[in-house]
>>> print(open('protein.cif').read())   # mmCIF, C-alpha atoms
data_query
loop_
_atom_site.label_atom_id
_atom_site.label_comp_id
_atom_site.auth_asym_id
_atom_site.auth_seq_id
_atom_site.Cartn_x
_atom_site.Cartn_y
_atom_site.Cartn_z
CA MET A 32 -13.37 90.24 -44.54
CA LYS A 33 -9.97 89.38 -45.92
CA PHE A 34 -7.92 86.62 -44.26
CA ALA A 35 -4.20 87.30 -44.38
CA ASP A 36 -1.58 84.64 -44.89
CA PRO A 37 0.08 83.98 -41.50
CA ASP A 38 3.50 83.60 -43.17
CA GLU A 39 3.30 87.03 -44.79
CA GLU A 40 4.59 90.07 -42.99
CA GLU A 41 1.85 92.10 -41.40
CA PRO A 42 1.28 95.35 -43.37
CA LYS A 43 2.23 98.49 -41.56
CA PRO A 44 0.79 101.98 -41.95
CA PRO A 45 2.78 104.47 -43.98
CA GLY A 46 5.72 106.00 -42.11
CA ALA A 47 5.88 103.15 -39.59
CA PRO A 48 9.44 102.00 -38.73
CA LYS A 49 10.69 98.76 -40.18
CA SER A 50 10.75 95.66 -37.99
CA ASP A 51 14.04 94.79 -36.29
CA LYS A 52 13.26 91.06 -36.42
CA PRO A 53 15.86 89.30 -38.62
CA LYS A 54 14.67 87.15 -41.44
CA PRO A 55 15.33 83.43 -41.09
CA ALA A 56 18.25 82.19 -43.11
CA ALA A 57 17.51 79.89 -45.99
CA LYS A 58 18.20 76.18 -45.31
CA PRO A 59 21.07 74.75 -47.31
CA ALA A 60 20.31 72.11 -49.91
CA ALA A 61 20.51 68.50 -48.79
CA LYS A 62 23.96 67.07 -49.33
CA PRO A 63 24.25 63.41 -50.39
CA ALA A 64 25.77 61.18 -47.73
CA GLU A 65 29.27 59.93 -48.48
CA ALA A 66 30.01 56.22 -48.20
CA ALA A 67 32.23 55.61 -45.24
CA ASP A 68 33.22 52.86 -42.87
CA PRO A 69 30.70 52.87 -40.01
CA GLU A 70 33.53 52.21 -37.59
CA ASN A 71 35.61 55.26 -38.63
CA ALA A 72 32.73 57.60 -39.32
CA GLU A 73 32.28 60.37 -36.82
CA GLN A 74 28.94 60.17 -35.14
CA PRO A 75 27.34 63.07 -33.32
CA GLU A 76 27.04 62.56 -29.60
CA ASN A 77 23.42 62.03 -28.71
CA GLU A 78 22.67 60.01 -25.56
CA GLU A 79 18.95 59.87 -26.10
CA GLY A 80 19.06 58.64 -29.73
CA LYS A 81 17.02 61.60 -30.94
CA GLU A 82 17.63 63.81 -33.93
CA GLY A 83 20.62 66.16 -33.64
CA GLU A 84 20.91 69.67 -34.71
CA GLU A 85 21.01 68.64 -38.37
CA GLY A 86 18.03 66.24 -38.04
CA LYS A 87 20.16 63.04 -38.12
CA THR A 88 19.77 59.97 -35.85
CA ASP A 89 22.70 58.53 -33.96
CA PRO A 90 23.51 55.21 -35.71
CA LYS A 91 25.11 53.83 -32.53
CA LEU A 92 21.73 53.83 -30.79
CA GLY A 93 18.77 51.62 -31.55
CA PRO A 94 15.08 52.60 -31.72
CA ASP A 95 14.84 52.03 -27.97
CA GLY A 96 17.72 54.43 -27.29
CA LYS A 97 20.13 51.64 -26.19
CA PRO A 98 23.59 51.35 -27.80
CA LEU A 99 23.86 48.84 -30.61
CA PRO A 100 26.57 46.13 -30.46
CA PRO A 101 29.65 47.16 -32.44
CA GLU A 102 30.16 45.44 -35.77
CA SER A 103 33.43 43.77 -36.56
CA LYS A 104 34.90 43.32 -39.95
CA ALA A 105 36.47 40.07 -38.81
CA GLY A 106 32.99 38.74 -37.85
CA LYS A 107 31.52 39.19 -41.31
CA THR A 108 31.15 35.98 -43.37
CA SER A 109 32.12 35.95 -46.98
CA PRO A 110 29.32 35.00 -49.42
CA TRP A 111 31.58 32.33 -50.93
CA LYS A 112 32.09 30.89 -47.44
CA LEU A 113 28.30 30.69 -46.98
CA VAL A 114 27.98 28.88 -50.30
CA GLU A 115 30.54 26.30 -49.22
CA THR A 116 28.79 25.86 -45.84
CA PHE A 117 25.41 25.20 -47.42
CA LYS A 118 26.94 22.86 -49.98
CA SER A 119 28.46 20.82 -47.14
CA ARG A 120 25.12 20.67 -45.33
CA ALA A 121 23.35 19.56 -48.51
CA VAL A 122 25.86 16.74 -49.04
CA LYS A 123 25.39 15.51 -45.47
CA ALA A 124 21.60 15.66 -45.79
CA GLU A 125 21.65 13.68 -49.05
CA ALA A 126 23.90 11.06 -47.45
CA ARG A 127 21.50 10.74 -44.49
CA VAL A 128 18.51 10.35 -46.82
CA ALA A 129 20.32 7.65 -48.77
CA GLU A 130 21.17 5.85 -45.52
CA LEU A 131 17.53 5.88 -44.38
CA GLU A 132 16.30 4.69 -47.76
CA ALA A 133 18.79 1.83 -47.69
CA ALA A 134 17.79 0.84 -44.14
CA HIS A 135 14.08 0.55 -45.00
CA LYS A 136 12.94 -1.18 -48.14
CA PRO A 137 9.91 0.28 -49.94
CA GLY A 138 6.71 -0.98 -48.36
CA GLU A 139 8.53 -2.54 -45.38
CA LEU A 140 7.71 -1.46 -41.83
CA PRO A 141 10.40 -0.67 -39.23
CA LYS A 142 11.59 -3.55 -37.11
CA GLU A 143 9.89 -2.34 -33.91
CA HIS A 144 6.55 -2.08 -35.75
CA GLN A 145 6.97 -5.55 -37.21
CA GLU A 146 7.60 -7.00 -33.75
CA ARG A 147 4.60 -5.19 -32.34
CA PHE A 148 2.27 -6.39 -35.10
CA ALA A 149 3.61 -9.94 -34.75
CA ALA A 150 2.78 -9.87 -31.02
CA ILE A 151 -0.72 -8.54 -31.78
CA GLU A 152 -1.28 -11.23 -34.39
CA GLU A 153 -0.19 -13.95 -31.98
CA ARG A 154 -2.51 -12.57 -29.32
CA ASN A 155 -5.39 -12.54 -31.81
CA LYS A 156 -4.75 -16.19 -32.63
CA VAL A 157 -4.97 -17.09 -28.95
CA LEU A 158 -8.21 -15.14 -28.51
CA GLU A 159 -9.67 -16.62 -31.69
CA ASP A 160 -8.88 -20.12 -30.45
CA GLU A 161 -10.55 -19.28 -27.13
CA ILE A 162 -13.66 -17.96 -28.87
CA ARG A 163 -13.74 -21.03 -31.12
CA HIS A 164 -14.02 -23.33 -28.10
CA VAL A 165 -16.22 -21.14 -25.93
CA SER A 166 -18.70 -19.98 -28.60
CA TYR A 167 -17.86 -21.47 -31.99
CA SER A 168 -20.73 -19.68 -33.73
CA LYS A 169 -19.04 -16.32 -32.98
CA SER A 170 -15.62 -17.36 -34.26
CA THR A 171 -14.14 -16.16 -37.55
CA GLU A 172 -13.68 -19.76 -38.71
CA PHE A 173 -17.38 -20.55 -38.35
CA LYS A 174 -18.44 -17.35 -40.11
CA GLU A 175 -16.10 -17.87 -43.06
CA LYS A 176 -16.55 -21.64 -43.41
CA TYR A 177 -20.25 -22.12 -42.67
CA GLN A 178 -22.22 -18.92 -42.17
CA GLN A 179 -21.16 -16.97 -45.27
CA PRO A 180 -21.75 -19.87 -47.74
CA TYR A 181 -25.20 -20.46 -46.22
CA GLU A 182 -26.14 -16.77 -46.50
CA GLU A 183 -24.90 -16.58 -50.10
CA ALA A 184 -26.87 -19.68 -51.08
CA TRP A 185 -29.99 -18.27 -49.44
CA MET A 186 -29.68 -14.91 -51.25
CA ASN A 187 -29.20 -16.66 -54.60
CA ALA A 188 -32.27 -18.81 -54.02
CA VAL A 189 -34.43 -15.83 -53.04
CA ALA A 190 -33.22 -13.89 -56.12
CA ASP A 191 -34.32 -16.77 -58.39
CA LEU A 192 -37.68 -17.12 -56.64
CA LYS A 193 -38.49 -13.48 -57.34
CA GLU A 194 -38.57 -14.37 -61.03
CA LEU A 195 -41.22 -17.07 -60.49
CA THR A 196 -44.94 -16.83 -59.81
CA ILE A 197 -47.28 -19.07 -57.86
CA THR A 198 -50.91 -19.73 -58.85
CA ASN A 199 -53.28 -19.64 -55.91
CA GLU A 200 -56.33 -21.89 -55.53
CA ASP A 201 -58.63 -19.09 -56.61
CA GLY A 202 -56.68 -18.69 -59.85
CA THR A 203 -54.79 -15.52 -58.89
CA THR A 204 -50.99 -15.34 -59.12
CA ARG A 205 -48.32 -13.82 -56.94
CA VAL A 206 -44.54 -13.53 -56.94
CA ALA A 207 -42.73 -16.23 -54.96
CA ASN A 208 -40.83 -15.09 -51.88
CA ALA A 209 -38.50 -16.32 -49.13
CA GLN A 210 -41.39 -17.65 -47.03
CA ASP A 211 -42.18 -20.15 -49.79
CA LEU A 212 -38.59 -21.41 -49.72
CA ILE A 213 -38.72 -21.74 -45.91
CA ALA A 214 -41.94 -23.74 -46.18
CA LEU A 215 -40.42 -26.10 -48.76
CA SER A 216 -37.22 -26.51 -46.68
CA ASN A 217 -39.21 -27.58 -43.61
CA MET A 218 -41.33 -30.14 -45.52
CA PRO A 219 -40.32 -33.78 -45.94
CA LEU A 220 -38.73 -34.55 -49.30
CA GLY A 221 -41.82 -36.15 -50.95
CA GLN A 222 -44.19 -33.42 -49.83
CA ALA A 223 -41.70 -30.71 -50.83
CA ARG A 224 -41.28 -32.21 -54.31
CA ALA A 225 -45.05 -32.40 -54.91
CA THR A 226 -45.64 -28.89 -53.57
CA ALA A 227 -42.82 -27.44 -55.69
CA LYS A 228 -44.27 -29.04 -58.81
CA GLN A 229 -47.68 -27.66 -57.97
CA TRP A 230 -46.36 -24.14 -57.29
CA PHE A 231 -43.65 -23.74 -59.91
CA GLY A 232 -44.42 -26.30 -62.60
CA ASP A 233 -41.42 -26.72 -64.92
CA SER A 234 -39.22 -24.65 -62.57
CA ALA A 235 -39.78 -27.03 -59.67
CA ASP A 236 -36.42 -28.77 -60.22
CA ASP A 237 -34.55 -25.46 -59.94
CA VAL A 238 -36.33 -24.59 -56.70
CA MET A 239 -35.67 -28.07 -55.28
CA ALA A 240 -31.95 -27.65 -56.13
CA HIS A 241 -31.87 -24.48 -54.03
CA ARG A 242 -33.70 -26.31 -51.25
CA ARG A 243 -31.14 -29.13 -51.31
CA THR A 244 -28.18 -26.70 -51.16
CA ILE A 245 -29.65 -24.72 -48.27
CA ARG A 246 -30.47 -27.82 -46.27
CA ASP A 247 -26.99 -29.25 -46.82
CA LEU A 248 -25.30 -26.05 -45.65
CA SER A 249 -27.64 -25.86 -42.67
CA ASP A 250 -26.81 -29.44 -41.70
CA LYS A 251 -23.09 -28.68 -41.93
CA GLN A 252 -23.56 -25.76 -39.53
CA GLU A 253 -25.38 -27.95 -37.02
CA LYS A 254 -22.76 -30.70 -37.22
CA ALA A 255 -19.92 -28.18 -36.80
CA LEU A 256 -21.56 -26.64 -33.74
CA GLU A 257 -22.22 -30.07 -32.23
CA ALA A 258 -18.61 -31.14 -32.83
CA SER A 259 -17.39 -27.90 -31.31
CA LYS A 260 -19.57 -28.47 -28.26
CA LYS A 261 -18.09 -31.94 -27.75
CA GLY A 262 -14.59 -30.64 -28.33
CA GLY A 263 -15.25 -27.79 -25.93
CA GLY A 264 -16.27 -30.25 -23.23
CA GLU A 265 -13.09 -32.25 -23.74
CA ARG A 266 -11.04 -29.08 -23.75
CA GLU A 267 -12.71 -27.90 -20.55
CA ARG A 268 -11.93 -31.26 -18.92
CA LEU A 269 -8.27 -30.97 -19.91
CA ARG A 270 -8.20 -27.40 -18.65
CA GLN A 271 -9.61 -28.43 -15.27
CA GLU A 272 -7.08 -31.22 -14.96
CA GLU A 273 -4.27 -28.81 -15.81
CA GLN A 274 -5.55 -26.29 -13.27
CA GLN A 275 -5.78 -28.98 -10.57
CA ALA A 276 -2.23 -30.07 -11.34
CA ARG A 277 -1.00 -26.49 -11.00
CA GLN A 278 -2.84 -26.07 -7.69
CA LYS A 279 -1.38 -29.31 -6.36
CA ALA A 280 2.14 -28.27 -7.36
CA HIS A 281 1.58 -24.89 -5.74
CA GLN A 282 0.36 -26.46 -2.51
CA GLU A 283 3.30 -28.86 -2.40
CA GLU A 284 5.77 -26.05 -2.93
CA THR A 285 4.06 -23.89 -0.29
CA GLY A 286 4.02 -26.76 2.22
CA LYS A 287 7.70 -27.46 1.61
CA VAL A 288 8.69 -23.85 2.23
CA TRP A 289 6.38 -23.65 5.25
CA LYS A 290 7.98 -26.69 6.87
CA GLN A 291 11.48 -25.43 6.14
CA VAL A 292 10.86 -22.01 7.70
CA ASN A 293 9.22 -23.48 10.82
CA ASP A 294 11.97 -26.08 11.29
CA GLU A 295 14.58 -23.30 11.17
CA ALA A 296 12.62 -21.28 13.75
CA THR A 297 12.25 -24.31 16.05
CA ALA A 298 15.99 -24.96 15.91
CA LYS A 299 16.75 -21.29 16.61
CA TYR A 300 14.35 -20.52 19.48
CA GLU A 301 14.26 -22.71 22.58
CA TYR A 302 10.73 -21.70 23.55
CA LEU A 303 9.44 -23.47 20.41
CA ARG A 304 10.92 -26.81 21.50
CA PRO A 305 9.64 -29.18 24.21
CA VAL A 306 11.77 -29.60 27.33
CA GLU A 307 12.34 -33.02 28.78
CA GLY A 308 10.74 -33.49 32.16
CA GLU A 309 8.47 -30.39 31.99
CA VAL A 310 5.14 -32.03 31.25
CA GLU A 311 2.91 -29.00 31.80
CA ARG A 312 5.08 -26.76 29.63
CA ASN A 313 5.16 -29.29 26.82
CA GLU A 314 1.37 -29.69 26.91
CA LYS A 315 0.87 -25.95 26.61
CA LEU A 316 3.31 -25.85 23.68
CA GLU A 317 1.46 -28.64 21.89
CA LYS A 318 -1.92 -26.96 22.36
CA ALA A 319 -0.55 -23.63 21.12
CA VAL A 320 0.83 -25.23 17.93
CA ALA A 321 -2.51 -26.95 17.23
CA PHE A 322 -4.48 -23.73 17.83
CA VAL A 323 -2.30 -21.60 15.55
CA ASP A 324 -2.28 -24.14 12.71
CA ALA A 325 -6.06 -24.61 12.84
CA THR A 326 -6.68 -20.84 12.93
CA LEU A 327 -4.43 -20.18 9.94
CA LYS A 328 -6.21 -22.86 7.90
CA SER A 329 -9.70 -21.58 8.71
CA ASN A 330 -11.50 -19.42 6.16
CA LEU A 331 -14.40 -17.13 7.03
CA GLY A 332 -15.88 -17.70 3.57
CA GLN A 333 -16.33 -21.39 4.41
CA ALA A 334 -18.35 -20.77 7.57
CA LYS A 335 -21.83 -22.30 7.25
CA THR A 336 -23.54 -20.56 10.18
CA PRO A 337 -23.19 -17.19 11.92
CA GLU A 338 -22.03 -19.02 15.08
CA GLU A 339 -19.25 -20.80 13.20
CA ARG A 340 -18.19 -17.53 11.61
CA ALA A 341 -18.11 -15.77 15.01
CA LYS A 342 -15.99 -18.59 16.40
CA MET A 343 -13.49 -18.20 13.56
CA ILE A 344 -13.34 -14.44 14.10
CA ALA A 345 -12.65 -14.93 17.81
CA ALA A 346 -9.84 -17.39 17.00
CA HIS A 347 -8.28 -14.96 14.52
CA ALA A 348 -8.49 -12.14 17.08
CA ALA A 349 -6.84 -14.32 19.74
CA LEU A 350 -4.04 -15.22 17.34
CA ARG A 351 -3.55 -11.55 16.54
CA ASN A 352 -3.41 -10.55 20.20
CA ARG A 353 -0.93 -13.30 21.01
CA ALA A 354 1.32 -12.18 18.18
CA ILE A 355 1.19 -8.59 19.47
CA GLY A 356 1.85 -9.56 23.09
CA PHE A 357 4.75 -11.90 22.25
CA SER A 358 7.29 -9.10 21.83
CA VAL A 359 6.26 -7.43 25.10
CA LEU A 360 6.33 -10.66 27.10
CA LYS A 361 9.64 -11.66 25.56
CA HIS A 362 11.13 -8.33 26.61
CA GLU A 363 9.81 -8.69 30.15
CA ASN A 364 11.03 -12.29 30.38
CA THR A 365 14.52 -11.29 29.24
CA SER A 366 14.63 -8.46 31.78
CA LEU A 367 13.47 -10.73 34.64
CA LYS A 368 16.05 -13.38 33.75
CA ALA A 369 18.81 -10.78 33.77
CA ARG A 370 17.64 -9.44 37.15
CA LEU A 371 17.43 -12.95 38.57
CA ALA A 372 20.97 -13.74 37.42
CA GLU A 373 22.19 -10.51 39.00
CA LEU A 374 20.55 -11.33 42.33
CA GLU A 375 21.86 -14.88 42.31
CA THR A 376 25.38 -13.58 41.74
CA SER A 377 25.03 -11.13 44.64
CA LEU A 378 23.72 -13.88 46.91
CA LYS A 379 26.58 -16.20 46.05
CA GLU A 380 29.13 -13.48 46.72
CA PHE A 381 27.50 -12.81 50.08
CA GLN A 382 27.51 -16.49 51.00
CA ASP A 383 31.17 -16.91 50.02
CA SER A 384 32.34 -13.90 52.03
CA GLN A 385 33.97 -14.28 55.55
CA PRO A 386 32.53 -12.63 58.67
CA GLU A 387 34.66 -10.39 60.84
CA GLY A 388 35.26 -13.14 63.38
CA GLY A 389 36.79 -15.39 60.68
CA GLN A 390 33.93 -17.92 60.78
CA ARG A 391 32.56 -18.89 57.32
CA ARG A 392 28.86 -18.35 56.80
CA PRO A 393 26.94 -21.57 56.30
CA ALA A 394 25.26 -22.32 53.02
CA GLY A 395 21.60 -21.42 52.63
CA GLY A 396 22.03 -17.93 54.05
CA GLU A 397 21.65 -18.97 57.70
CA ALA A 398 23.32 -16.69 60.20
CA PRO A 399 26.26 -18.18 62.17
CA ALA A 400 25.87 -19.03 65.79
CA GLY A 401 25.99 -15.95 67.89
CA GLY A 402 25.39 -13.76 64.83
CA GLY A 403 22.30 -12.25 66.36
CA ASP A 404 18.76 -11.95 65.07
CA GLU A 405 19.54 -8.95 62.92
CA MET A 406 21.70 -10.89 60.45
CA GLY A 407 19.19 -13.73 60.25
CA SER A 408 16.35 -11.36 59.57
CA ALA A 409 18.29 -9.73 56.74
CA MET A 410 19.08 -13.10 55.17
CA ASN A 411 15.46 -14.19 55.38
CA ARG A 412 14.30 -11.02 53.66
CA MET A 413 16.81 -11.52 50.84
CA ASN A 414 15.76 -15.15 50.38
CA ASN A 415 12.12 -14.13 50.23
CA TYR A 416 12.88 -11.50 47.59
CA VAL A 417 14.75 -13.98 45.38
CA THR A 418 11.95 -16.51 45.70
#
>>> encode(input="protein.cif", output="structure tokens")
Amino acid sequence: MKFADPDEEEPKPPGAPKSDKPKPAAKPAAKPAEAADPENAEQPENEEGKEGEEGKTDPKLGPDGKPLPPESKAGKTSPWKLVETFKSRAVKAEARVAELEAAHKPGELPKEHQERFAAIEERNKVLEDEIRHVSYSKSTEFKEKYQQPYEEAWMNAVADLKELTITNEDGTTRVANAQDLIALSNMPLGQARATAKQWFGDSADDVMAHRRTIRDLSDKQEKALEASKKGGGERERLRQEEQQARQKAHQEETGKVWKQVNDEATAKYEYLRPVEGEVERNEKLEKAVAFVDATLKSNLGQAKTPEERAKMIAAHAALRNRAIGFSVLKHENTSLKARLAELETSLKEFQDSQPEGGQRRPAGGEAPAGGGDEMGSAMNRMNNYVT
């Protein structure tokens, strides 16, 4: 079977009429685009940004189909202008670098860092001094001055001992070690000298020199710790005295302010002052002052028994309740005084008024002669109310 080319015209039988379908016109050759100002060039109208009839894309539209912003000749920057701009920026940057280099010397930290490190160093000195008095063996001074020399001397001695041998009683030999040096260091001088001569022979003097150095350094450590302990006790005594002096000054200042505040309150409020002639009132005031002062000074942590603690709690609760009720009672007292003054004023006005007959009412609210029982009864009721 023969496959025909789809672009070729289908063969027709002889005598068949020719097809009326016109042949497609040949496409013209592509014409090179002429350089033109994009502003003055005519653009084909295409709202969707798709290819036009000639297969071109509208340059006024972007890939998303939206209009591009118009370009302006005035907005374009000359290359020479850009060169000048970047030259100016480079000059400014070089000047700033030079300024920073002049402000900070090589190897010198900024001022804020120097201040911070100085504060840290000062704090470390304080802590080191505290450690030196509390636990001298843990201080840097003790480690550098006593511990490190002792450890170095010990390591040197052990290194030399490893080069020596000791002859046992059965005739065998072994390498000397640190335990031998410890044994010699703990012996009295005469015994240590004899033992060293027996163990090491001609090298006994060298071993005894190591022993002497180690013992001397060990003694220095002990003396330093003992001196630190005594100094720590003296320092602790001075610290306690200083703390007691601060507490005393604090108590004196607190007592002074306390007295000043209470004196001002006593001068301001009359109910805090005794009244001459009122014995019962003054006794109650004195007892109240004593109760409040004793309750404020009491401390639950100082109670020795549950009963004493319960008594303190009850006193604190009573003081609290009195403080709460003071404002309410003061309000009621002020209201009653105002009402009493109002009633006394009304009574005085009534007593000073004239009856219809022209006879003045007698003092005390008694009804005038012939006034009838009704007026007397009213006066008695008013007097009873005021009382």
>>> resolve_selection(input="protein.cif", expression="the PyMOL selection byres ((chain A and resi 326) around 12)", output="PyMOL selection string")
chain A and resi 319-325+327-331+342-351
>>> atom_distance(input="protein.cif", atom1="atom CA of A:Asn187", atom2="atom CA of A:Thr204")
22.3 Å
>>> atom_distance(input="protein.cif", atom1="atom CA of A:Ser259", atom2="atom CA of A:Ser170")
11.1 Å
>>> atom_distance(input="protein.cif", atom1="atom CA of A:Thr198", atom2="atom CA of A:Asp211")
12.6 Å
>>> residues_around(input="protein.cif", residues="A:Leu220", least_positions_apart="5", cutoff="10 Å", atoms="all atoms listed in the file", output="list in words")
Leu215, Ala225, Thr226, Met239, Arg242 and Arg243 of chain A
>>> closest_residue(input="protein.cif", among="A:Trp185, A:Trp111, A:Tyr302, A:Phe173", to="A:Thr244", atoms="only C-alpha atoms")
A:Trp185
>>> resolve_selection(input="protein.cif", expression="the PyMOL selection byres ((chain A and resi 248) around 9)", output="PDB file with C-alpha atoms, keeping the file's coordinate frame")
ATOM      1  CA  TYR A 177     -20.250 -22.120 -42.670  1.00  0.00           C
ATOM      2  CA  GLN A 178     -22.220 -18.920 -42.170  1.00  0.00           C
ATOM      3  CA  PRO A 180     -21.750 -19.870 -47.740  1.00  0.00           C
ATOM      4  CA  TYR A 181     -25.200 -20.460 -46.220  1.00  0.00           C
ATOM      5  CA  ALA A 184     -26.870 -19.680 -51.080  1.00  0.00           C
ATOM      6  CA  ARG A 243     -31.140 -29.130 -51.310  1.00  0.00           C
ATOM      7  CA  THR A 244     -28.180 -26.700 -51.160  1.00  0.00           C
ATOM      8  CA  ILE A 245     -29.650 -24.720 -48.270  1.00  0.00           C
ATOM      9  CA  ARG A 246     -30.470 -27.820 -46.270  1.00  0.00           C
ATOM     10  CA  ASP A 247     -26.990 -29.250 -46.820  1.00  0.00           C
ATOM     11  CA  SER A 249     -27.640 -25.860 -42.670  1.00  0.00           C
ATOM     12  CA  ASP A 250     -26.810 -29.440 -41.700  1.00  0.00           C
ATOM     13  CA  LYS A 251     -23.090 -28.680 -41.930  1.00  0.00           C
ATOM     14  CA  GLN A 252     -23.560 -25.760 -39.530  1.00  0.00           C
ATOM     15  CA  GLU A 253     -25.380 -27.950 -37.020  1.00  0.00           C
TER      16      GLU A 253
END
>>> residues_near_point(input="protein.cif", point="(-40.2, -12.1, -60.3)", cutoff="12 Å", atoms="only C-alpha atoms", output="PyMOL selection string")
chain A and resi 189-197+204-208
